[in-house]
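**Student:** Sharing a structure below in structure tokens format, with a few things to ask.
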Amino acid sequence: RDVYSAYFEWLLPFSSSFDITLAGRYDSYSDYGNDFSPKIAARWQPLDNLTLRASYGQGFRAPGLDILTQADSFSADPVVDRQTCLAAGLNEFCLNSRGRQVQQQVDTYYIANPNLKSEQSTQWSAGIVYDPVDWLDLSLDYYNIEIENSITVLGAQAVINRELAPETYGPVPDGLGVVRNATNGRVLEVTAGYRNIGTLETDGLDFRANTDFDLGNAGRLRNKLTVSYINKYDVISGNYTTEYAGEHGYPDLRANLSNEWTFGDFGVNWGINYIGDQSTAATVVGGVTIAPALQVGGYATNDLQFTWNAPWNAKIALGATNIGDRYPELVPFDGRPWNFYLYDAYGRTVYFRYTQTF
């Protein structure tokens with residue numbers, strides 16, 4: 001693959017308080033084709049402590065060489081499938097005698113897709129930055145993104161879900177499918193891979209608040225709060241729309257609060273990390289529940305750190321992440337006992353760090 005690119009950026013300062021930026025990028029791929037991505041952004045500062053900003057742009061993502069040309073590969077993917085679980089002696093919810101959900105491994109073959117198209121995106125955003133007083137600055141941004149021809153890997157579970165509930169998840173794409181035992185209906189084999197799955201539409205809000213308090217003889221206190229809220233995260237495939245925001249594995253709220261107190265060469269930092277709750281309703285096909293409802297509560301961890309700036313240009317830090325030793329709920333996700341993409345199972349982790357500046 002040979003790739004050639006050219007880009008430009010042009011700042012138009014109409015005044016000291018208002019400017020517009022024009023930008024564009026052209027890319028040429030020897031095996032795929034050409035794409036052009038334009039962007040326009042504007043900034044207006046009507047007051048010294050108030051800034052308004054907005055942008056509009058288009059983009060693309062070419063399919064990777066690996067998914068265009070890969071050889072067929074084998075995987076034993078874990079799935080939750082009613083007929084497969086019943087054939088294995090479990091109940092229809094894949095629960096064992098102790099009431100825990102057990103996933104079954106099925107033969108899965110991932111195939112290449114040389115016909116993938118590039119993703120085409122359109123985004124716009126608008127925001128405000130406001131500093132009402134010396135010790136406080138605030139910002140709020142809204143974003144709206146649409147991605148057409150979204151490149152998505154459909155694993156064994158996704159293909160099975162589409163086979164069982166096309167009215168919920170959309171139809172099984174051509175070339176992919178499920179082979180079942182004619183007698184008991186258990187899954188024998190799944191063909192999975194990458195496809196352009198319709199259009200992805202998402203929008204949300206990003207909020208930031210920073211404070212800086214001079215406490216005089218008592219030191220200095222700084223606080224940083226960031227909150228991200230996903231209002232919508234929908235995948236549209238033909239006449240089918242799948243809503244992911246707030247579903248199991250897709251929290252619609254994330255937040256982080258950092259509190260730092262410094263006194264001379266000493267400092268204390270206390271951080272709070274929060275991941276919102278998630279829930280998925282049971283999947284019912286023809287009056288039969290093929291997947292149970294799932295609920296994961298909100299998850300918060302606390303980090304603590306003590307620092308000392310030594311007189312020989314060194315910084316010594318002693319701290320711990322997840323000081324409360326919290327573990328995620330054991331709700332299976334993607335073949336594992338919990339969502340490894342959102343949570344870890346390290347528990348409390350104590351560390352010592354020495355930094356020397358020369």
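Chain labels follow the order of the structure tokens: the first chain is A, the next B, and so on; residue numbering restarts at 1 in every chain, and ligands are counted from 1 in their shown order.
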According to DSSP computed on the backbone, where in stretch 121-242 of chain A is there strand (DSSP E)? Give the residues as a PyMOL selection string.

**Tutor:** chain A and resi 121-133+136-148+151-154+177-180+187-196+199-214+220-237+240-242

**Student:** Could you name the residues that touch A:Ala209 at 10 Å or less, counting only C-alpha atoms, but leaving out those on the same chain fewer than 4 positions away, as a VMD selection string?

**Tutor:** chain A and resid 129 to 131 136 to 140 223 to 227 257

**Student:** Take the residues from that selection and write them out as a PDB file, in the first residue's frame, keeping N, CA and C atoms.

**Tutor:**
ATOM      1  N   VAL A 129     -16.289  28.775  26.927  1.00  0.00           N
ATOM      2  CA  VAL A 129     -15.302  28.797  28.000  1.00  0.00           C
ATOM      3  C   VAL A 129     -15.525  30.087  28.785  1.00  0.00           C
ATOM      4  N   TYR A 130     -15.705  29.961  30.099  1.00  0.00           N
ATOM      5  CA  TYR A 130     -16.067  31.117  30.912  1.00  0.00           C
ATOM      6  C   TYR A 130     -15.248  31.119  32.194  1.00  0.00           C
ATOM      7  N   ASP A 131     -14.627  32.262  32.501  1.00  0.00           N
ATOM      8  CA  ASP A 131     -13.869  32.450  33.729  1.00  0.00           C
ATOM      9  C   ASP A 131     -14.549  33.544  34.549  1.00  0.00           C
ATOM     10  N   LEU A 136     -11.828  30.418  39.257  1.00  0.00           N
ATOM     11  CA  LEU A 136     -12.713  29.436  38.631  1.00  0.00           C
ATOM     12  C   LEU A 136     -12.742  29.617  37.128  1.00  0.00           C
ATOM     13  N   ASP A 137     -12.572  28.523  36.383  1.00  0.00           N
ATOM     14  CA  ASP A 137     -12.811  28.553  34.940  1.00  0.00           C
ATOM     15  C   ASP A 137     -13.640  27.336  34.551  1.00  0.00           C
ATOM     16  N   LEU A 138     -14.602  27.563  33.654  1.00  0.00           N
ATOM     17  CA  LEU A 138     -15.574  26.558  33.259  1.00  0.00           C
ATOM     18  C   LEU A 138     -15.585  26.412  31.751  1.00  0.00           C
ATOM     19  N   SER A 139     -15.911  25.219  31.268  1.00  0.00           N
ATOM     20  CA  SER A 139     -16.110  25.016  29.837  1.00  0.00           C
ATOM     21  C   SER A 139     -17.178  23.948  29.637  1.00  0.00           C
ATOM     22  N   LEU A 140     -17.954  24.119  28.588  1.00  0.00           N
ATOM     23  CA  LEU A 140     -18.992  23.159  28.220  1.00  0.00           C
ATOM     24  C   LEU A 140     -19.008  23.046  26.700  1.00  0.00           C
ATOM     25  N   ASN A 223      -8.596  22.095  42.206  1.00  0.00           N
ATOM     26  CA  ASN A 223      -9.573  21.047  41.916  1.00  0.00           C
ATOM     27  C   ASN A 223      -9.849  21.031  40.418  1.00  0.00           C
ATOM     28  N   LYS A 224      -9.944  19.828  39.864  1.00  0.00           N
ATOM     29  CA  LYS A 224     -10.243  19.671  38.441  1.00  0.00           C
ATOM     30  C   LYS A 224     -11.337  18.622  38.281  1.00  0.00           C
ATOM     31  N   LEU A 225     -12.463  19.044  37.732  1.00  0.00           N
ATOM     32  CA  LEU A 225     -13.592  18.143  37.506  1.00  0.00           C
ATOM     33  C   LEU A 225     -13.873  18.038  36.012  1.00  0.00           C
ATOM     34  N   THR A 226     -13.942  16.813  35.504  1.00  0.00           N
ATOM     35  CA  THR A 226     -14.332  16.585  34.111  1.00  0.00           C
ATOM     36  C   THR A 226     -15.480  15.582  34.094  1.00  0.00           C
ATOM     37  N   VAL A 227     -16.488  15.879  33.297  1.00  0.00           N
ATOM     38  CA  VAL A 227     -17.660  15.014  33.177  1.00  0.00           C
ATOM     39  C   VAL A 227     -17.977  14.846  31.704  1.00  0.00           C
ATOM     40  N   LEU A 257     -12.574  13.538  39.240  1.00  0.00           N
ATOM     41  CA  LEU A 257     -12.338  14.700  40.090  1.00  0.00           C
ATOM     42  C   LEU A 257     -10.962  14.575  40.727  1.00  0.00           C
TER      43      LEU A 257
END

**Student:** Applying 6 Å and only C-alpha atoms, which residues near stretch 302-313 of chain A remain after dropping the ones on its own chain fewer than 3 positions away? List them as a list in words.

**Tutor:**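 After dropping sequence-adjacent residues, the list is Asp265, Phe266, Gly267, Val268, Asn269, Trp270, Gly271, Ile272, Ile316, Ala317, Leu318, Gly319, Ala320, Thr321, Asn322, Ile323 and Thr357 of chain A.
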
**Student:** Could you save those same residues with all heavy atoms as a CSV table (one decimal), in the first residue's frame?

**Tutor:**
chain,number,residue,atom,x,y,z
A,265,ASP,N,6.9,22.5,49.8
A,265,ASP,CA,7.4,21.4,49.0
A,265,ASP,C,6.6,20.1,49.1
A,265,ASP,O,6.9,19.1,48.5
A,265,ASP,CB,8.9,21.1,49.4
A,265,ASP,CG,9.8,22.2,49.0
A,265,ASP,OD1,9.6,22.9,48.0
A,265,ASP,OD2,10.8,22.4,49.7
A,266,PHE,N,5.5,20.1,49.9
A,266,PHE,CA,4.7,18.9,50.1
A,266,PHE,C,3.4,19.1,49.4
A,266,PHE,O,2.9,20.2,49.2
A,266,PHE,CB,4.5,18.7,51.6
A,266,PHE,CG,5.8,18.5,52.4
A,266,PHE,CD1,6.5,19.5,53.0
A,266,PHE,CD2,6.2,17.2,52.6
A,266,PHE,CE1,7.6,19.3,53.7
A,266,PHE,CE2,7.4,16.9,53.3
A,266,PHE,CZ,8.1,18.0,53.9
A,267,GLY,N,2.9,17.9,49.0
A,267,GLY,CA,1.6,17.9,48.3
A,267,GLY,C,0.8,16.6,48.6
A,267,GLY,O,1.4,15.6,48.8
A,268,VAL,N,-0.5,16.8,48.5
A,268,VAL,CA,-1.4,15.6,48.6
A,268,VAL,C,-2.4,15.7,47.5
A,268,VAL,O,-3.0,16.8,47.2
A,268,VAL,CB,-2.2,15.6,50.0
A,268,VAL,CG1,-3.1,14.4,50.0
A,268,VAL,CG2,-1.2,15.6,51.1
A,269,ASN,N,-2.6,14.6,46.8
A,269,ASN,CA,-3.5,14.5,45.7
A,269,ASN,C,-4.5,13.4,45.9
A,269,ASN,O,-4.1,12.3,46.1
A,269,ASN,CB,-2.8,14.3,44.3
A,269,ASN,CG,-3.7,14.5,43.1
A,269,ASN,OD1,-4.7,13.9,43.0
A,269,ASN,ND2,-3.3,15.5,42.3
A,270,TRP,N,-5.8,13.8,45.8
A,270,TRP,CA,-6.9,12.8,46.0
A,270,TRP,C,-7.7,12.8,44.7
A,270,TRP,O,-8.3,13.8,44.4
A,270,TRP,CB,-7.7,13.1,47.2
A,270,TRP,CG,-9.0,12.3,47.4
A,270,TRP,CD1,-9.2,11.0,47.0
A,270,TRP,CD2,-10.2,12.8,47.9
A,270,TRP,NE1,-10.5,10.6,47.3
A,270,TRP,CE2,-11.2,11.7,47.8
A,270,TRP,CE3,-10.7,14.0,48.4
A,270,TRP,CZ2,-12.5,11.8,48.3
A,270,TRP,CZ3,-12.0,14.1,48.8
A,270,TRP,CH2,-12.9,13.1,48.7
A,271,GLY,N,-7.8,11.7,44.1
A,271,GLY,CA,-8.6,11.6,42.8
A,271,GLY,C,-9.7,10.6,42.9
A,271,GLY,O,-9.6,9.6,43.6
A,272,ILE,N,-10.8,11.0,42.3
A,272,ILE,CA,-12.0,10.1,42.3
A,272,ILE,C,-12.4,9.8,40.8
A,272,ILE,O,-12.5,10.8,40.0
A,272,ILE,CB,-13.2,10.8,43.0
A,272,ILE,CG1,-12.9,11.2,44.4
A,272,ILE,CG2,-14.4,9.9,43.0
A,272,ILE,CD1,-13.9,12.1,45.1
A,316,ILE,N,9.7,13.0,45.1
A,316,ILE,CA,9.4,11.7,45.6
A,316,ILE,C,7.9,11.6,45.9
A,316,ILE,O,7.3,12.4,46.4
A,316,ILE,CB,10.1,11.4,46.9
A,316,ILE,CG1,11.7,11.5,46.7
A,316,ILE,CG2,9.8,10.1,47.6
A,316,ILE,CD1,12.5,11.5,48.0
A,317,ALA,N,7.3,10.5,45.4
A,317,ALA,CA,5.9,10.3,45.5
A,317,ALA,C,5.6,8.9,46.0
A,317,ALA,O,6.2,7.9,45.7
A,317,ALA,CB,5.2,10.4,44.1
A,318,LEU,N,4.6,8.8,46.9
A,318,LEU,CA,4.1,7.6,47.5
A,318,LEU,C,2.6,7.6,47.4
A,318,LEU,O,2.0,8.6,47.8
A,318,LEU,CB,4.5,7.4,49.0
A,318,LEU,CG,4.0,6.2,49.7
A,318,LEU,CD1,4.5,4.9,49.1
A,318,LEU,CD2,4.3,6.3,51.2
A,319,GLY,N,2.0,6.6,46.8
A,319,GLY,CA,0.6,6.6,46.6
A,319,GLY,C,0.0,5.3,46.4
A,319,GLY,O,0.7,4.2,46.4
A,320,ALA,N,-1.3,5.3,46.1
A,320,ALA,CA,-2.0,4.1,45.8
A,320,ALA,C,-3.2,4.4,44.9
A,320,ALA,O,-3.9,5.4,45.2
A,320,ALA,CB,-2.5,3.4,47.1
A,321,THR,N,-3.4,3.6,43.9
A,321,THR,CA,-4.6,3.7,43.1
A,321,THR,C,-5.7,2.7,43.6
A,321,THR,O,-5.3,1.6,44.2
A,321,THR,CB,-4.3,3.3,41.6
A,321,THR,OG1,-3.8,2.0,41.5
A,321,THR,CG2,-3.3,4.3,41.0
A,322,ASN,N,-6.9,3.1,43.5
A,322,ASN,CA,-8.0,2.3,44.0
A,322,ASN,C,-7.8,1.9,45.5
A,322,ASN,O,-7.7,0.7,45.9
A,322,ASN,CB,-8.2,1.0,43.2
A,322,ASN,CG,-9.5,0.2,43.5
A,322,ASN,OD1,-10.3,0.7,44.3
A,322,ASN,ND2,-9.7,-0.9,42.8
A,323,ILE,N,-7.6,2.9,46.3
A,323,ILE,CA,-7.2,2.7,47.7
A,323,ILE,C,-8.3,2.0,48.5
A,323,ILE,O,-8.0,1.3,49.5
A,323,ILE,CB,-6.8,4.1,48.3
A,323,ILE,CG1,-6.1,3.9,49.6
A,323,ILE,CG2,-8.1,4.9,48.5
A,323,ILE,CD1,-5.5,5.1,50.2
A,357,THR,N,15.5,15.4,38.3
A,357,THR,CA,15.7,16.4,37.2
A,357,THR,C,17.1,16.9,37.3
A,357,THR,O,17.6,17.3,38.3
A,357,THR,CB,14.7,17.6,37.4
A,357,THR,OG1,13.4,17.0,37.4
A,357,THR,CG2,14.8,18.5,36.2

**Student:** Out of A:Thr183, A:Gln58, A:Ser118, A:Gln356, which residue has the shortest atom-to-atom distance to A:Ala87 when counting only C-alpha atoms?

**Tutor:**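 Closest residue, counting only C-alpha atoms: A:Thr183.
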
**Student:** Within 12 Å of A:Gly177, counting only C-alpha atoms, which residues qualify if same-chain residues fewer than 3 places away don't, as JSON, numbers by chain?

**Tutor:** {"A": [108, 109, 110, 111, 154, 155, 156, 157, 158, 159, 160, 161, 162, 163, 164, 171, 172, 173, 174, 180, 187, 188, 189, 190, 191, 192, 193]}

**Student:** Taking N, CA and C atoms for each residue, export the selection above as a tab-separated table (two decimals), in the first residue's frame.

**Tutor:**
chain	number	residue	atom	x	y	z
A	108	THR	N	-15.27	-20.70	15.75
A	108	THR	CA	-15.53	-19.46	15.03
A	108	THR	C	-14.41	-19.22	14.02
A	109	TYR	N	-14.79	-18.89	12.80
A	109	TYR	CA	-13.81	-18.61	11.74
A	109	TYR	C	-13.98	-17.17	11.29
A	110	TYR	N	-12.90	-16.39	11.45
A	110	TYR	CA	-12.90	-14.99	11.02
A	110	TYR	C	-12.34	-14.90	9.61
A	111	ILE	N	-13.07	-14.24	8.75
A	111	ILE	CA	-12.68	-14.16	7.34
A	111	ILE	C	-12.41	-12.71	6.95
A	154	LEU	N	-17.91	-8.20	13.61
A	154	LEU	CA	-19.01	-8.98	14.13
A	154	LEU	C	-18.46	-10.32	14.60
A	155	GLY	N	-18.32	-10.47	15.91
A	155	GLY	CA	-17.85	-11.72	16.47
A	155	GLY	C	-18.95	-12.75	16.55
A	156	ALA	N	-18.64	-13.88	17.18
A	156	ALA	CA	-19.60	-14.98	17.24
A	156	ALA	C	-20.90	-14.56	17.92
A	157	GLN	N	-20.81	-13.86	19.06
A	157	GLN	CA	-22.03	-13.47	19.77
A	157	GLN	C	-22.87	-12.50	18.94
A	158	ALA	N	-22.22	-11.55	18.26
A	158	ALA	CA	-22.97	-10.59	17.45
A	158	ALA	C	-23.68	-11.28	16.29
A	159	VAL	N	-23.02	-12.26	15.67
A	159	VAL	CA	-23.65	-12.97	14.56
A	159	VAL	C	-24.83	-13.80	15.07
A	160	ILE	N	-24.66	-14.45	16.22
A	160	ILE	CA	-25.75	-15.24	16.79
A	160	ILE	C	-26.94	-14.35	17.15
A	161	ASN	N	-26.64	-13.19	17.75
A	161	ASN	CA	-27.72	-12.27	18.11
A	161	ASN	C	-28.51	-11.84	16.87
A	162	ARG	N	-27.81	-11.59	15.77
A	162	ARG	CA	-28.49	-11.18	14.54
A	162	ARG	C	-29.31	-12.33	13.95
A	163	GLU	N	-28.79	-13.55	14.12
A	163	GLU	CA	-29.55	-14.69	13.61
A	163	GLU	C	-30.84	-14.88	14.40
A	164	LEU	N	-30.76	-14.74	15.72
A	164	LEU	CA	-31.91	-15.00	16.58
A	164	LEU	C	-32.89	-13.83	16.63
A	171	PRO	N	-30.15	-7.82	10.33
A	171	PRO	CA	-29.94	-9.13	9.71
A	171	PRO	C	-28.46	-9.53	9.70
A	172	VAL	N	-28.22	-10.82	9.52
A	172	VAL	CA	-26.85	-11.32	9.39
A	172	VAL	C	-26.32	-10.91	8.01
A	173	PRO	N	-25.18	-10.23	7.93
A	173	PRO	CA	-24.64	-9.81	6.63
A	173	PRO	C	-24.27	-11.00	5.75
A	174	ASP	N	-24.31	-10.78	4.45
A	174	ASP	CA	-23.92	-11.84	3.51
A	174	ASP	C	-22.49	-12.29	3.79
A	180	ARG	N	-25.92	-24.82	12.84
A	180	ARG	CA	-26.42	-25.46	14.05
A	180	ARG	C	-26.65	-26.95	13.83
A	187	VAL	N	-24.97	-24.61	18.56
A	187	VAL	CA	-24.11	-24.00	17.55
A	187	VAL	C	-22.92	-24.91	17.27
A	188	LEU	N	-22.71	-25.22	16.00
A	188	LEU	CA	-21.55	-26.01	15.59
A	188	LEU	C	-20.42	-25.13	15.08
A	189	GLU	N	-20.79	-24.05	14.41
A	189	GLU	CA	-19.76	-23.22	13.77
A	189	GLU	C	-20.34	-21.84	13.46
A	190	VAL	N	-19.50	-20.83	13.61
A	190	VAL	CA	-19.89	-19.45	13.29
A	190	VAL	C	-18.85	-18.86	12.34
A	191	THR	N	-19.33	-18.18	11.30
A	191	THR	CA	-18.45	-17.44	10.41
A	191	THR	C	-18.60	-15.96	10.75
A	192	ALA	N	-17.49	-15.32	11.16
A	192	ALA	CA	-17.51	-13.94	11.63
A	192	ALA	C	-16.51	-13.10	10.83
A	193	GLY	N	-16.55	-11.79	11.03
A	193	GLY	CA	-15.61	-10.93	10.33
A	193	GLY	C	-16.06	-9.48	10.36

**Student:** Name the residues of stretch 44-265 of chain A that fall into helix (DSSP H, G or I) according to DSSP on the backbone, using the chain letters and numbers of this document, as a PyMOL selection string.

**Tutor:** chain A and resi 65-69+82-87+156-164+166-169+216-218

**Student:** Could you take the residues named above and write them with C-alpha atoms, as a PDB file, in the first residue's frame?

**Tutor:**
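result_10.pdb written:
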ATOM      1  CA  LEU A  65      -4.645  -4.038   5.422  1.00  0.00           C
ATOM      2  CA  ASP A  66      -5.134  -6.800   7.980  1.00  0.00           C
ATOM      3  CA  ILE A  67      -8.908  -6.946   7.645  1.00  0.00           C
ATOM      4  CA  LEU A  68      -8.779  -6.598   3.850  1.00  0.00           C
ATOM      5  CA  THR A  69      -6.322  -9.399   3.185  1.00  0.00           C
ATOM      6  CA  ARG A  82     -30.073 -20.760  24.541  1.00  0.00           C
ATOM      7  CA  GLN A  83     -29.985 -23.971  22.482  1.00  0.00           C
ATOM      8  CA  THR A  84     -26.250 -24.477  22.996  1.00  0.00           C
ATOM      9  CA  CYS A  85     -26.632 -24.063  26.758  1.00  0.00           C
ATOM     10  CA  LEU A  86     -29.584 -26.461  26.932  1.00  0.00           C
ATOM     11  CA  ALA A  87     -27.550 -29.049  24.998  1.00  0.00           C
ATOM     12  CA  ALA A 156     -19.600 -14.978  17.242  1.00  0.00           C
ATOM     13  CA  GLN A 157     -22.026 -13.468  19.769  1.00  0.00           C
ATOM     14  CA  ALA A 158     -22.967 -10.593  17.446  1.00  0.00           C
ATOM     15  CA  VAL A 159     -23.650 -12.974  14.558  1.00  0.00           C
ATOM     16  CA  ILE A 160     -25.747 -15.241  16.793  1.00  0.00           C
ATOM     17  CA  ASN A 161     -27.723 -12.269  18.111  1.00  0.00           C
ATOM     18  CA  ARG A 162     -28.493 -11.178  14.538  1.00  0.00           C
ATOM     19  CA  GLU A 163     -29.552 -14.690  13.609  1.00  0.00           C
ATOM     20  CA  LEU A 164     -31.907 -14.998  16.583  1.00  0.00           C
ATOM     21  CA  PRO A 166     -32.820  -9.608  13.428  1.00  0.00           C
ATOM     22  CA  GLU A 167     -35.618  -7.237  14.397  1.00  0.00           C
ATOM     23  CA  THR A 168     -33.410  -6.015  17.281  1.00  0.00           C
ATOM     24  CA  TYR A 169     -29.843  -6.371  16.012  1.00  0.00           C
ATOM     25  CA  GLY A 216      -2.282  31.900  52.205  1.00  0.00           C
ATOM     26  CA  ASN A 217      -0.300  30.345  55.048  1.00  0.00           C
ATOM     27  CA  ALA A 218      -2.322  27.134  54.619  1.00  0.00           C
TER      28      ALA A 218
END

**Student:** When you look at A:Gly57 with a cut-off of 12 Å (counting only C-alpha atoms), what residues show up, excluding the ones that are within fewer than 4 positions of it in the same chain? I need them as JSON, numbers by chain.

**Tutor:** {"A": [21, 22, 23, 24, 25, 36, 37, 38, 39, 40, 41, 42, 120, 121, 122, 123, 124, 125, 143, 144, 145, 146, 147]}
